[in-house]
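Chemist: What follows is my_file.tsv; its format and atoms are TSV, C-alpha atoms and all ligand atoms.
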chain	number	residue	atom	x	y	z
A	1	ALA	CA	36.43	-58.15	1.27
A	2	LEU	CA	37.01	-55.36	-1.20
A	3	THR	CA	38.15	-52.07	0.23
A	4	ALA	CA	38.55	-48.47	-0.95
A	5	GLY	CA	41.70	-46.70	0.21
A	6	ILE	CA	41.73	-43.06	1.30
A	7	VAL	CA	44.79	-41.41	-0.14
A	8	GLY	CA	46.10	-37.85	-0.23
A	9	LEU	CA	48.93	-35.51	0.62
A	10	PRO	CA	49.41	-34.48	4.26
A	11	ASN	CA	47.05	-31.81	5.61
A	12	VAL	CA	44.33	-32.21	3.01
A	13	GLY	CA	41.76	-33.57	5.49
A	14	LYS	CA	42.18	-37.34	5.20
A	15	SER	CA	42.16	-38.03	8.93
A	16	THR	CA	39.20	-35.73	9.44
A	17	LEU	CA	37.30	-37.59	6.75
A	18	PHE	CA	38.38	-40.98	8.05
A	19	ASN	CA	37.21	-39.98	11.52
A	20	ALA	CA	33.83	-39.17	10.04
A	21	ILE	CA	33.80	-42.62	8.50
A	22	THR	CA	34.58	-44.44	11.73
A	23	GLN	CA	32.16	-42.26	13.68
A	24	ALA	CA	29.33	-43.01	11.28
A	25	GLY	CA	30.70	-46.51	11.78
A	26	ALA	CA	28.74	-49.70	11.54
A	27	GLU	CA	28.51	-52.28	14.29
A	28	SER	CA	31.25	-54.69	13.34
A	29	ALA	CA	29.34	-57.47	15.12
A	30	ASN	CA	26.85	-57.38	12.26
A	31	TYR	CA	29.59	-57.78	9.71
A	32	PRO	CA	31.83	-60.67	10.75
A	33	PHE	CA	33.53	-60.64	7.35
A	34	CYS	CA	34.92	-57.18	7.98
A	35	THR	CA	38.44	-56.49	9.13
A	36	ILE	CA	39.07	-55.22	12.63
A	37	ASP	CA	41.94	-52.82	12.23
A	38	PRO	CA	42.38	-49.19	13.33
A	39	ASN	CA	43.07	-48.24	9.72
A	40	VAL	CA	39.85	-49.77	8.51
A	41	GLY	CA	36.45	-48.10	8.83
A	42	ILE	CA	33.31	-50.09	8.17
A	43	VAL	CA	30.47	-48.12	6.64
A	44	GLU	CA	26.86	-49.05	6.07
A	45	VAL	CA	25.67	-48.47	2.53
A	46	PRO	CA	22.74	-46.04	2.49
A	47	ASP	CA	20.00	-47.57	0.35
A	48	GLU	CA	16.46	-46.25	0.30
A	49	ARG	CA	15.24	-49.51	-1.22
A	50	LEU	CA	15.91	-51.16	2.12
A	51	GLN	CA	13.51	-48.78	3.90
A	52	LYS	CA	10.82	-49.45	1.30
A	53	LEU	CA	11.26	-53.21	1.65
A	54	THR	CA	11.07	-52.86	5.42
A	55	ALA	CA	7.78	-50.98	5.14
A	56	LEU	CA	6.46	-53.68	2.85
A	57	VAL	CA	7.56	-56.76	4.79
A	58	GLN	CA	7.60	-55.33	8.33
A	59	PRO	CA	10.34	-57.62	9.58
A	60	LYS	CA	11.64	-57.84	13.14
A	61	LYS	CA	14.96	-56.48	12.01
A	62	THR	CA	16.53	-54.63	9.09
A	63	VAL	CA	20.22	-54.89	8.29
A	64	PRO	CA	21.99	-52.75	5.70
A	65	THR	CA	25.05	-54.02	3.92
A	66	ALA	CA	28.51	-52.66	4.56
A	67	PHE	CA	31.99	-52.39	3.18
A	68	GLU	CA	35.37	-51.04	4.21
A	69	PHE	CA	37.45	-47.93	3.77
A	70	THR	CA	41.14	-48.13	4.52
A	71	ASP	CA	43.06	-45.10	5.73
A	72	ILE	CA	46.35	-44.96	3.90
A	73	ALA	CA	48.67	-42.75	5.86
A	74	GLY	CA	52.29	-42.27	5.06
A	75	ILE	CA	54.72	-40.15	3.25
A	76	VAL	CA	54.00	-39.69	-0.39
A	77	LYS	CA	56.81	-37.80	-2.02
A	78	GLY	CA	59.70	-40.00	-3.02
A	79	ALA	CA	57.67	-43.11	-2.25
A	80	SER	CA	58.62	-44.73	-5.54
A	81	LYS	CA	62.30	-44.38	-4.61
A	82	GLY	CA	61.56	-46.96	-1.99
A	83	GLU	CA	62.55	-45.09	1.13
A	84	GLY	CA	61.09	-46.52	4.35
A	85	LEU	CA	57.68	-45.01	4.98
A	86	GLY	CA	57.23	-44.15	1.33
A	87	ASN	CA	57.55	-47.75	0.41
A	88	LYS	CA	54.97	-48.66	3.00
A	89	PHE	CA	52.62	-46.12	1.46
A	90	LEU	CA	52.85	-47.90	-1.89
A	91	SER	CA	52.43	-51.36	-0.40
A	92	HIS	CA	49.29	-50.18	1.38
A	93	ILE	CA	47.88	-48.86	-1.86
A	94	ARG	CA	48.69	-52.18	-3.49
A	95	GLN	CA	46.32	-53.86	-1.06
A	96	VAL	CA	43.24	-51.77	-1.78
A	97	ASP	CA	40.86	-52.29	-4.67
A	98	ALA	CA	39.96	-48.69	-5.44
A	99	ILE	CA	41.36	-45.30	-4.54
A	100	CYS	CA	39.59	-42.28	-3.04
A	101	HIS	CA	42.03	-39.48	-3.63
A	102	VAL	CA	41.40	-36.58	-1.25
A	103	VAL	CA	42.49	-33.14	-2.42
A	104	ARG	CA	42.46	-29.90	-0.54
A	105	CYS	CA	40.07	-27.35	-2.01
A	106	PHE	CA	39.75	-25.13	1.06
A	107	ALA	CA	41.89	-22.08	1.66
A	108	ASP	CA	42.88	-21.67	5.29
A	109	ASP	CA	45.97	-19.70	6.14
A	110	ASN	CA	46.21	-21.38	9.52
A	111	ILE	CA	46.73	-24.77	7.98
A	112	THR	CA	49.99	-25.31	6.26
A	113	HIS	CA	49.97	-26.80	2.85
A	114	VAL	CA	52.90	-29.14	2.23
A	115	ALA	CA	53.68	-27.55	-1.12
A	116	GLY	CA	53.24	-24.01	0.23
A	117	LYS	CA	50.06	-23.23	-1.65
A	118	VAL	CA	46.68	-24.77	-2.34
A	119	ASP	CA	46.84	-26.30	-5.79
A	120	PRO	CA	44.73	-29.45	-6.10
A	121	ILE	CA	45.95	-30.41	-9.55
A	122	ASP	CA	49.54	-30.20	-8.43
A	123	ASP	CA	48.59	-32.36	-5.42
A	124	ILE	CA	46.91	-34.94	-7.61
A	125	GLU	CA	49.86	-35.08	-9.96
A	126	THR	CA	52.34	-35.44	-7.11
A	127	ILE	CA	50.69	-38.60	-5.90
A	128	ASN	CA	49.90	-39.93	-9.34
A	129	LEU	CA	53.51	-39.50	-10.35
A	130	GLU	CA	54.75	-41.64	-7.48
A	131	LEU	CA	52.31	-44.37	-8.46
A	132	ILE	CA	53.27	-44.10	-12.10
A	133	LEU	CA	56.98	-44.36	-11.31
A	134	ALA	CA	56.43	-47.41	-9.13
A	135	ASP	CA	54.41	-49.06	-11.92
A	136	LEU	CA	57.01	-48.17	-14.50
A	137	GLU	CA	59.57	-50.01	-12.44
A	138	SER	CA	57.39	-53.14	-12.26
A	139	VAL	CA	56.62	-53.00	-15.97
A	140	ASP	CA	60.28	-52.49	-16.92
A	141	LYS	CA	61.39	-55.44	-14.82
A	142	ARG	CA	58.78	-57.69	-16.34
A	143	ALA	CA	59.43	-56.42	-19.87
A	144	ASP	CA	63.13	-57.31	-19.53
A	145	ARG	CA	62.33	-60.85	-18.57
A	146	VAL	CA	59.52	-61.38	-21.06
A	147	GLY	CA	61.47	-59.59	-23.80
A	148	LYS	CA	64.15	-62.26	-23.71
A	149	LEU	CA	61.57	-65.01	-24.17
A	150	ALA	CA	59.88	-63.01	-26.90
A	151	LYS	CA	63.15	-62.95	-28.82
A	152	GLN	CA	63.11	-66.73	-28.74
A	153	LYS	CA	59.74	-66.56	-30.51
A	154	ASP	CA	57.78	-67.79	-27.50
A	155	LYS	CA	54.26	-66.91	-28.66
A	156	ASP	CA	52.83	-66.05	-25.23
A	157	ALA	CA	55.85	-63.94	-24.45
A	158	VAL	CA	55.54	-62.01	-27.70
A	159	TYR	CA	51.92	-61.26	-26.87
A	160	GLU	CA	52.65	-60.20	-23.30
A	161	HIS	CA	55.61	-58.11	-24.39
A	162	GLU	CA	53.36	-56.10	-26.66
A	163	VAL	CA	51.04	-55.34	-23.76
A	164	LEU	CA	53.97	-54.37	-21.58
A	165	LEU	CA	55.23	-51.95	-24.22
A	166	MET	CA	51.81	-50.31	-24.42
A	167	LEU	CA	51.88	-49.85	-20.66
A	168	LYS	CA	55.43	-48.56	-20.71
A	169	GLU	CA	54.58	-45.95	-23.28
A	170	ALA	CA	51.62	-44.67	-21.27
A	171	LEU	CA	53.53	-44.60	-18.00
A	172	GLU	CA	56.50	-42.85	-19.57
A	173	ASN	CA	54.09	-40.15	-20.70
A	174	ASP	CA	52.80	-39.75	-17.14
A	175	LYS	CA	49.57	-41.54	-17.95
A	176	PRO	CA	48.10	-44.13	-15.56
A	177	ALA	CA	47.67	-47.74	-16.70
A	178	ARG	CA	43.89	-47.38	-16.48
A	179	SER	CA	44.00	-44.81	-19.29
A	180	VAL	CA	45.16	-47.43	-21.80
A	181	GLU	CA	42.48	-49.26	-23.74
A	182	PHE	CA	43.03	-52.99	-23.77
A	183	THR	CA	41.11	-55.90	-25.22
A	184	ASP	CA	39.69	-58.42	-22.76
A	185	GLU	CA	42.51	-60.78	-23.63
A	186	GLN	CA	45.18	-58.14	-22.99
A	187	MET	CA	43.40	-57.12	-19.83
A	188	LYS	CA	44.07	-60.55	-18.34
A	189	ILE	CA	47.78	-59.87	-18.60
A	190	VAL	CA	47.44	-56.38	-17.16
A	191	LYS	CA	45.48	-57.70	-14.18
A	192	HIS	CA	48.31	-60.08	-13.38
A	193	LEU	CA	50.70	-57.18	-12.96
A	194	HIS	CA	48.73	-55.70	-10.03
A	195	LEU	CA	49.64	-52.19	-11.04
A	196	LEU	CA	48.85	-49.27	-8.75
A	197	THR	CA	47.61	-47.07	-11.57
A	198	SER	CA	45.17	-49.64	-12.90
A	199	LYS	CA	43.03	-49.32	-9.78
A	200	PRO	CA	39.87	-47.27	-10.27
A	201	VAL	CA	39.99	-43.78	-8.76
A	202	LEU	CA	37.61	-41.10	-7.62
A	203	TYR	CA	38.55	-37.66	-6.37
A	204	VAL	CA	37.27	-36.19	-3.13
A	205	ALA	CA	37.35	-32.39	-3.14
A	206	ASN	CA	37.52	-31.19	0.46
A	207	VAL	CA	35.94	-27.74	0.61
A	208	SER	CA	35.45	-25.25	3.41
A	209	GLU	CA	32.44	-25.11	5.73
A	210	ASP	CA	30.73	-22.27	3.89
A	211	GLU	CA	30.92	-24.04	0.56
A	212	VAL	CA	29.35	-27.41	1.35
A	213	ALA	CA	25.95	-26.37	0.07
A	214	ASP	CA	27.24	-24.88	-3.14
A	215	ALA	CA	30.81	-25.31	-4.28
A	216	SER	CA	30.09	-24.29	-7.86
A	217	ASN	CA	32.12	-21.08	-7.49
A	218	ASN	CA	35.12	-22.82	-5.98
A	219	GLU	CA	37.92	-22.53	-8.54
A	220	TYR	CA	39.81	-25.45	-7.02
A	221	VAL	CA	36.79	-27.72	-7.38
A	222	LYS	CA	36.33	-26.60	-10.98
A	223	ALA	CA	39.92	-27.50	-11.72
A	224	VAL	CA	39.53	-30.91	-10.10
A	225	ARG	CA	36.37	-31.59	-12.07
A	226	GLU	CA	38.10	-30.74	-15.30
A	227	PHE	CA	41.07	-32.94	-14.48
A	228	ALA	CA	38.83	-35.82	-13.43
A	229	ALA	CA	36.73	-35.54	-16.59
A	230	GLY	CA	39.89	-36.14	-18.59
A	231	GLU	CA	40.30	-39.42	-16.72
A	232	LYS	CA	36.56	-40.20	-16.76
A	233	ALA	CA	36.75	-40.20	-12.98
A	234	GLU	CA	34.07	-39.04	-10.58
A	235	VAL	CA	34.41	-36.11	-8.16
A	236	ILE	CA	32.70	-36.00	-4.77
A	237	VAL	CA	32.59	-32.69	-2.91
A	238	VAL	CA	32.74	-32.91	0.87
A	239	CYS	CA	33.61	-30.74	3.81
A	240	ALA	CA	35.46	-33.18	6.00
A	241	LYS	CA	34.97	-31.02	9.09
A	242	ILE	CA	31.20	-30.89	8.67
A	243	GLU	CA	31.07	-34.57	7.76
A	244	SER	CA	32.57	-35.47	11.11
A	245	GLU	CA	29.83	-33.40	12.80
A	246	ILE	CA	27.10	-35.03	10.69
A	247	ALA	CA	28.50	-38.46	11.45
A	248	GLU	CA	27.62	-38.01	15.11
A	249	LEU	CA	23.95	-37.52	14.31
A	250	ASP	CA	21.26	-40.09	13.62
A	251	GLY	CA	18.04	-40.25	11.64
A	252	GLU	CA	15.91	-37.16	12.19
A	253	GLU	CA	18.68	-35.08	13.74
A	254	LYS	CA	20.83	-35.75	10.75
A	255	GLU	CA	18.06	-34.79	8.33
A	256	MET	CA	17.41	-31.52	10.17
A	257	PHE	CA	21.08	-30.62	10.16
A	258	LEU	CA	21.38	-31.34	6.44
A	259	GLU	CA	18.33	-29.20	5.78
A	260	GLU	CA	19.89	-26.35	7.76
A	261	LEU	CA	23.01	-26.66	5.68
A	262	GLY	CA	20.93	-26.73	2.53
A	263	ILE	CA	22.12	-30.11	1.29
A	264	GLU	CA	20.13	-33.19	0.38
A	265	GLU	CA	22.65	-35.90	0.93
A	266	SER	CA	25.75	-35.73	3.06
A	267	GLY	CA	29.07	-35.78	1.22
A	268	LEU	CA	30.00	-38.90	3.11
A	269	ASP	CA	26.89	-40.74	1.95
A	270	GLN	CA	27.67	-39.71	-1.62
A	271	LEU	CA	31.23	-40.89	-1.15
A	272	ILE	CA	30.08	-44.24	0.22
A	273	LYS	CA	27.76	-44.84	-2.73
A	274	ALA	CA	30.32	-43.75	-5.29
A	275	SER	CA	33.06	-45.90	-3.75
A	276	TYR	CA	30.76	-48.92	-3.64
A	277	ASN	CA	30.18	-48.46	-7.35
A	278	LEU	CA	33.83	-47.88	-8.05
A	279	LEU	CA	34.62	-51.19	-6.42
A	280	GLY	CA	32.19	-52.87	-8.81
A	281	LEU	CA	29.85	-53.83	-5.99
A	282	ALA	CA	26.09	-54.22	-6.10
A	283	THR	CA	23.33	-55.19	-3.69
A	284	TYR	CA	20.74	-57.92	-3.53
A	285	PHE	CA	18.16	-58.34	-0.78
A	286	THR	CA	16.67	-61.08	1.31
A	287	ALA	CA	13.25	-60.23	2.67
A	288	GLY	CA	11.80	-62.48	5.34
A	289	VAL	CA	9.60	-61.67	8.32
A	290	GLN	CA	12.55	-62.19	10.65
A	291	GLU	CA	14.91	-59.99	8.75
A	292	VAL	CA	15.11	-57.77	5.71
A	293	ARG	CA	18.69	-57.49	4.69
A	294	ALA	CA	20.94	-56.06	2.00
A	295	TRP	CA	23.91	-58.15	0.79
A	296	THR	CA	26.90	-57.12	-1.22
A	297	PHE	CA	28.09	-58.99	-4.27
A	298	LYS	CA	30.53	-58.28	-7.02
A	299	LYS	CA	28.82	-57.39	-10.31
A	300	GLY	CA	28.82	-60.40	-12.60
A	301	MET	CA	28.55	-62.96	-9.81
A	302	LYS	CA	26.23	-65.92	-10.39
A	303	ALA	CA	23.44	-67.03	-8.06
A	304	PRO	CA	25.39	-69.75	-6.17
A	305	GLN	CA	28.29	-67.39	-5.47
A	306	CYS	CA	25.83	-64.78	-4.24
A	307	ALA	CA	24.26	-67.39	-1.97
A	308	GLY	CA	27.76	-68.02	-0.65
A	309	VAL	CA	27.91	-64.42	0.55
A	310	ILE	CA	25.34	-65.39	3.19
A	311	HIS	CA	26.84	-68.76	4.06
A	312	SER	CA	29.15	-71.22	2.35
A	313	ASP	CA	26.52	-73.94	2.93
A	314	PHE	CA	24.13	-71.96	0.75
A	315	GLU	CA	26.61	-72.06	-2.09
A	316	ARG	CA	27.53	-75.72	-1.69
A	317	GLY	CA	23.95	-76.91	-1.51
A	318	PHE	CA	22.51	-74.40	-3.96
A	319	ILE	CA	19.39	-75.56	-5.79
A	320	ARG	CA	17.52	-72.50	-7.01
A	321	ALA	CA	17.21	-68.79	-6.41
A	322	GLU	CA	13.64	-67.60	-6.16
A	323	THR	CA	14.07	-64.12	-7.54
A	324	VAL	CA	11.97	-61.01	-8.01
A	325	SER	CA	13.27	-57.58	-8.90
A	326	TYR	CA	12.89	-54.86	-6.30
A	327	GLU	CA	10.67	-52.81	-8.65
A	328	ASP	CA	8.36	-55.73	-9.42
A	329	LEU	CA	7.99	-56.59	-5.76
A	330	LEU	CA	7.24	-53.01	-4.83
A	331	ASN	CA	4.69	-52.67	-7.63
A	332	ALA	CA	2.99	-55.91	-6.63
A	333	GLY	CA	2.83	-54.88	-2.97
A	334	THR	CA	3.39	-58.33	-1.45
A	335	MET	CA	5.47	-61.35	-2.27
A	336	GLY	CA	2.24	-63.33	-2.84
A	337	ALA	CA	0.93	-60.79	-5.32
A	338	ALA	CA	4.27	-60.72	-7.14
A	339	ARG	CA	4.11	-64.50	-7.43
A	340	GLU	CA	0.54	-64.40	-8.77
A	341	ALA	CA	1.58	-61.82	-11.32
A	342	GLY	CA	4.28	-64.20	-12.51
A	343	LYS	CA	7.08	-61.89	-11.45
A	344	VAL	CA	8.90	-64.38	-9.27
A	345	ARG	CA	11.40	-66.39	-11.28
A	346	LEU	CA	13.13	-69.63	-10.39
A	347	GLU	CA	16.73	-69.04	-11.39
A	348	GLY	CA	19.43	-71.68	-11.63
A	349	LYS	CA	23.17	-72.00	-11.25
A	350	GLU	CA	24.02	-69.87	-14.26
A	351	TYR	CA	21.89	-66.89	-13.34
A	352	ILE	CA	23.84	-63.65	-13.08
A	353	VAL	CA	22.38	-61.75	-10.16
A	354	LYS	CA	21.28	-58.17	-10.76
A	355	ASP	CA	21.47	-55.17	-8.48
A	356	GLY	CA	18.15	-54.91	-6.63
A	357	ASP	CA	17.16	-58.58	-6.92
A	358	VAL	CA	15.17	-59.84	-3.95
A	359	ILE	CA	16.15	-63.46	-3.51
A	360	HIS	CA	15.08	-66.49	-1.56
A	361	PHE	CA	17.70	-69.22	-1.91
A	362	ARG	CA	16.72	-72.86	-1.88
A	363	PHE	CA	19.48	-75.23	-0.93
A	364	ASN	CA	20.29	-78.73	0.35
A	365	VAL	CA	22.12	-79.09	3.61
B	1	LIG	P1	45.52	-35.19	6.80
B	1	LIG	O1	46.93	-34.87	7.11
B	1	LIG	O2	45.26	-35.23	5.33
B	1	LIG	O3	44.99	-36.37	7.50
B	1	LIG	O4	44.67	-33.92	7.26
B	1	LIG	P2	43.82	-33.67	8.59
B	1	LIG	O5	42.52	-34.37	8.50
B	1	LIG	O6	44.65	-33.91	9.79
B	1	LIG	O7	43.52	-32.12	8.41
B	1	LIG	C1	44.55	-31.17	8.40
B	1	LIG	C2	44.03	-29.88	8.97
B	1	LIG	O8	43.03	-29.35	8.11
B	1	LIG	C3	43.39	-30.06	10.34
B	1	LIG	O9	43.74	-28.96	11.13
B	1	LIG	C4	41.91	-30.07	10.02
B	1	LIG	O10	41.15	-29.56	11.10
B	1	LIG	C5	41.84	-29.14	8.83
B	1	LIG	N1	40.71	-29.47	7.98
B	1	LIG	C6	40.35	-30.67	7.49
B	1	LIG	N2	39.24	-30.58	6.76
B	1	LIG	C7	38.87	-29.29	6.79
B	1	LIG	C8	37.78	-28.57	6.21
B	1	LIG	O11	36.93	-29.12	5.53
B	1	LIG	N3	37.76	-27.21	6.46
B	1	LIG	C9	38.73	-26.59	7.20
B	1	LIG	N4	38.65	-25.28	7.40
B	1	LIG	N5	39.72	-27.25	7.76
B	1	LIG	C10	39.80	-28.58	7.57
In structure tokens, what does this structure look like?
Ligand code: GDP
Modeler:
Amino acid sequence: ALTAGIVGLPNVGKSTLFNAITQAGAESANYPFCTIDPNVGIVEVPDERLQKLTALVQPKKTVPTAFEFTDIAGIVKGASKGEGLGNKFLSHIRQVDAICHVVRCFADDNITHVAGKVDPIDDIETINLELILADLESVDKRADRVGKLAKQKDKDAVYEHEVLLMLKEALENDKPARSVEFTDEQMKIVKHLHLLTSKPVLYVANVSEDEVADASNNEYVKAVREFAAGEKAEVIVVCAKIESEIAELDGEEKEMFLEELGIEESGLDQLIKASYNLLGLATYFTAGVQEVRAWTFKKGMKAPQCAGVIHSDFERGFIRAETVSYEDLLNAGTMGAAREAGKVRLEGKEYIVKDGDVIHFRFNV
């Protein structure tokens, strides 16, 4: 399963945020595909479409979909020099599919900042630099090897070497691999390198309690937004402390508390949605009287693969996917009405499933 890693310097609020994640935590029994590991927190994906479908179908049970956050602890500075814990830090990042980079945007004299002062951009660059240096080492090693073959006029090697040089130039200028524009063909080579800085990133600005509702005057947040815009990355503002309080509440209680705070959606919920997107994930639904359920698939997946998310038998014996879009179903009011209106399609093996599709799979056993 794809996972988003929570990364950041010490004392920026990572553990507090991760606690909020595990507290909000989903029943792992519902999600057998998820990892059981103290460093992994399973979160349910908030999706209002699921409530609407539930109202429409009135099933016995409703199950949201879920995915995983991984807490990446460890020492950051000097990590690329390969010293003990630092090395571990990098190998943990290597295993995640997207990065949520937490930065401290709250001033609190009681809490020591590792660098002596609150400076989110400096924090971001400290971590990014370690990742860049580690990648530079991988790229250099590979470029040496491939360079030799390229000299012997090996066509594939010449092509790959070019890509490696593009990467090297970016990394040497302190730019992450994801900032380089590659063609699809070149991208295949880049993917093979499993670079740390090609993973998608979003920044999590951790603000103080009195700024959750409106952080627009927070200079640190402004700076982070500016930096992130340069990387076309998203910024989510949270107050980790408050998030861990919200995470203990349910339904109505949670709504009342948010209203009191003057916020519409908790920072954690925003973070969950943004991370889900960052991982390239999307949701389709099954809607039967027994159960209305959201399922996660990777954007671009075809109908049989999506069926395989439910059960491998569904993929193996796939015949057709009876599909209606969420909007069409909602407009029609019932599945029967949607069918009469000609909105229910019979899709085959090559159909690329869309976010919001409501699907009934037909399969042979
Ligand atoms: P980590 O080292 O990044 O995991 O940071 P922690 O989550 O342990 O937080 C470091 C310290 O900052 C702890 O004392 C937290 O209580 C405090 N802290 C975390 N988030 C907030 C916040 O949003 N506001 C304030 N005032 N303190 C926070």
Chemist: Check which residues of chain A sit at most 6 Å from ligand LIG 1 (chain B) using only C-alpha atoms and all ligand atoms, and return one row each with the closest pair of atoms and their distance in Å to one decimal, ordered by chain and rising number, as JSON lines.
Modeler:
{"residue": "A:Leu9", "atom": "CA", "partner": "B:LIG1", "partner_atom": "O2", "distance": 6.0}
{"residue": "A:Pro10", "atom": "CA", "partner": "B:LIG1", "partner_atom": "O1", "distance": 3.8}
{"residue": "A:Asn11", "atom": "CA", "partner": "B:LIG1", "partner_atom": "O1", "distance": 3.4}
{"residue": "A:Val12", "atom": "CA", "partner": "B:LIG1", "partner_atom": "O2", "distance": 3.9}
{"residue": "A:Gly13", "atom": "CA", "partner": "B:LIG1", "partner_atom": "O5", "distance": 3.2}
{"residue": "A:Lys14", "atom": "CA", "partner": "B:LIG1", "partner_atom": "O2", "distance": 3.7}
{"residue": "A:Ser15", "atom": "CA", "partner": "B:LIG1", "partner_atom": "O3", "distance": 3.6}
{"residue": "A:Thr16", "atom": "CA", "partner": "B:LIG1", "partner_atom": "O5", "distance": 3.7}
{"residue": "A:Asp108", "atom": "CA", "partner": "B:LIG1", "partner_atom": "N4", "distance": 5.9}
{"residue": "A:Ile111", "atom": "CA", "partner": "B:LIG1", "partner_atom": "C2", "distance": 5.9}
{"residue": "A:Asn206", "atom": "CA", "partner": "B:LIG1", "partner_atom": "O11", "distance": 5.5}
{"residue": "A:Val207", "atom": "CA", "partner": "B:LIG1", "partner_atom": "O11", "distance": 5.2}
{"residue": "A:Ser208", "atom": "CA", "partner": "B:LIG1", "partner_atom": "N3", "distance": 4.3}
{"residue": "A:Glu209", "atom": "CA", "partner": "B:LIG1", "partner_atom": "N3", "distance": 5.8}
{"residue": "A:Cys239", "atom": "CA", "partner": "B:LIG1", "partner_atom": "O11", "distance": 4.1}
{"residue": "A:Ala240", "atom": "CA", "partner": "B:LIG1", "partner_atom": "O11", "distance": 4.3}
{"residue": "A:Lys241", "atom": "CA", "partner": "B:LIG1", "partner_atom": "O11", "distance": 4.5}
Chemist: Expressed in Å to a single decimal, how great is the separation between CA of Asn30 in chain A and CA of Lys199 in chain A?
Modeler: 28.5 Å
Chemist: Set out as a tab-separated table a contact list for range 1-68 of chain A and range 261-284 of chain A with a cut-off of 9 Å, giving each residue of range 1-68 of chain A that qualifies its closest atom pair and distance in Å to one decimal, counting all atoms listed in the file, ordered by chain and rising residue number.
Modeler:
residue	atom	partner	partner_atom	distance
A:Leu2	CA	A:Leu279	CA	7.1
A:Thr3	CA	A:Leu279	CA	7.6
A:Ala4	CA	A:Ser275	CA	6.7
A:Leu17	CA	A:Leu268	CA	8.3
A:Ala20	CA	A:Leu268	CA	7.9
A:Ile21	CA	A:Leu268	CA	7.6
A:Val43	CA	A:Ile272	CA	7.5
A:Glu44	CA	A:Ile272	CA	8.2
A:Val45	CA	A:Ile272	CA	6.5
A:Pro46	CA	A:Asp269	CA	6.8
A:Asp47	CA	A:Lys273	CA	8.8
A:Thr65	CA	A:Thr283	CA	7.9
A:Phe67	CA	A:Tyr276	CA	7.8
Chemist: Which polymer residues have any atom within 9 Å of an atom of Val118 in chain A, counting only C-alpha atoms, with same-chain residues fewer than 3 positions away left out, as a VMD selection string?
Modeler: chain A and resid 104 to 107 113 to 115 122 to 123 220
Chemist: Between A:Val96, A:Leu90, A:Gln305, A:Ile242, single out the one closest to Asp210 in chain A, counting all atoms listed in the file.
Modeler: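 The shortest atom-to-atom distance to Asp210 in chain A comes from A:Ile242.
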Chemist: Taking into account all atoms listed in the file, which residue in the set A:Glu226, A:Asp250, A:Asp355, A:Glu327 is nearest to Ile121 in chain A?
Modeler: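 Under the stated criterion, the closest residue is A:Glu226.
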Chemist: Could you check the closest approach to Val235 in chain A for each of A:Val344, A:Val103, A:Met256, A:Val358 and tell me which residue wins, using all atoms listed in the file?
Modeler: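 Selected residue with least distance to Val235 in chain A: A:Val103.
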Chemist: Just the residues within 8 Å of Thr197 in chain A, please, counting all atoms listed in the file, with nothing from its chain fewer than 2 positions along; format it as a list in words.
Modeler: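 Listed by chain and then number, they are Asn128, Leu131, Ile132, Asp135, Pro176, Ala177, Arg178, Leu195, Lys199 and Pro200 of chain A.
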Chemist: Work out how far CA of Ile99 in chain A is from CA of Ser244 in chain A, in Å to one decimal.
Modeler: 20.5 Å
Chemist: So what do you get for CA of Met335 in chain A versus CA of Asp313 in chain A, distance-wise?
Modeler: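 A separation of 25.1 Å between them.
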Chemist: With distances taken over all atoms listed in the file, which of A:Ala233, A:Leu193, A:Leu165, A:Val40 is nearest to Gly147 in chain A?
Modeler: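 Going through A:Ala233, A:Leu193, A:Leu165, A:Val40 one by one, the smallest distance to Gly147 in chain A is for A:Leu165.
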Chemist: For a quick check of understanding, using all atoms listed in the file, which of A:Val365, A:Leu249, A:Ala332, A:Ala338 has the smallest distance to Glu315 in chain A?
Modeler: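 Of A:Val365, A:Leu249, A:Ala332, A:Ala338, the one nearest Glu315 in chain A, counting all atoms listed in the file, is A:Val365.
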Chemist: Save N, CA and C atoms of range 103-109 of chain A from the block above as a PDB file, in the first residue's frame.
Modeler:
ATOM      1  N   VAL A 103       6.979  21.713   9.302  1.00  0.00           N
ATOM      2  CA  VAL A 103       7.869  22.790   9.717  1.00  0.00           C
ATOM      3  C   VAL A 103       7.254  23.591  10.851  1.00  0.00           C
ATOM      4  N   ARG A 104       8.106  24.043  11.713  1.00  0.00           N
ATOM      5  CA  ARG A 104       7.634  24.762  12.887  1.00  0.00           C
ATOM      6  C   ARG A 104       7.351  26.216  12.531  1.00  0.00           C
ATOM      7  N   CYS A 105       6.094  26.618  12.735  1.00  0.00           N
ATOM      8  CA  CYS A 105       5.706  28.003  12.484  1.00  0.00           C
ATOM      9  C   CYS A 105       5.111  28.609  13.742  1.00  0.00           C
ATOM     10  N   PHE A 106       5.365  27.979  14.903  1.00  0.00           N
ATOM     11  CA  PHE A 106       4.897  28.573  16.157  1.00  0.00           C
ATOM     12  C   PHE A 106       6.104  29.022  16.978  1.00  0.00           C
ATOM     13  N   ALA A 107       5.954  30.186  17.577  1.00  0.00           N
ATOM     14  CA  ALA A 107       7.015  30.675  18.454  1.00  0.00           C
ATOM     15  C   ALA A 107       6.654  30.235  19.863  1.00  0.00           C
ATOM     16  N   ASP A 108       7.539  29.614  20.560  1.00  0.00           N
ATOM     17  CA  ASP A 108       7.295  29.223  21.940  1.00  0.00           C
ATOM     18  C   ASP A 108       8.651  29.107  22.610  1.00  0.00           C
ATOM     19  N   ASP A 109       8.928  30.061  23.481  1.00  0.00           N
ATOM     20  CA  ASP A 109      10.252  30.132  24.080  1.00  0.00           C
ATOM     21  C   ASP A 109      10.567  28.917  24.949  1.00  0.00           C
TER      22      ASP A 109
END
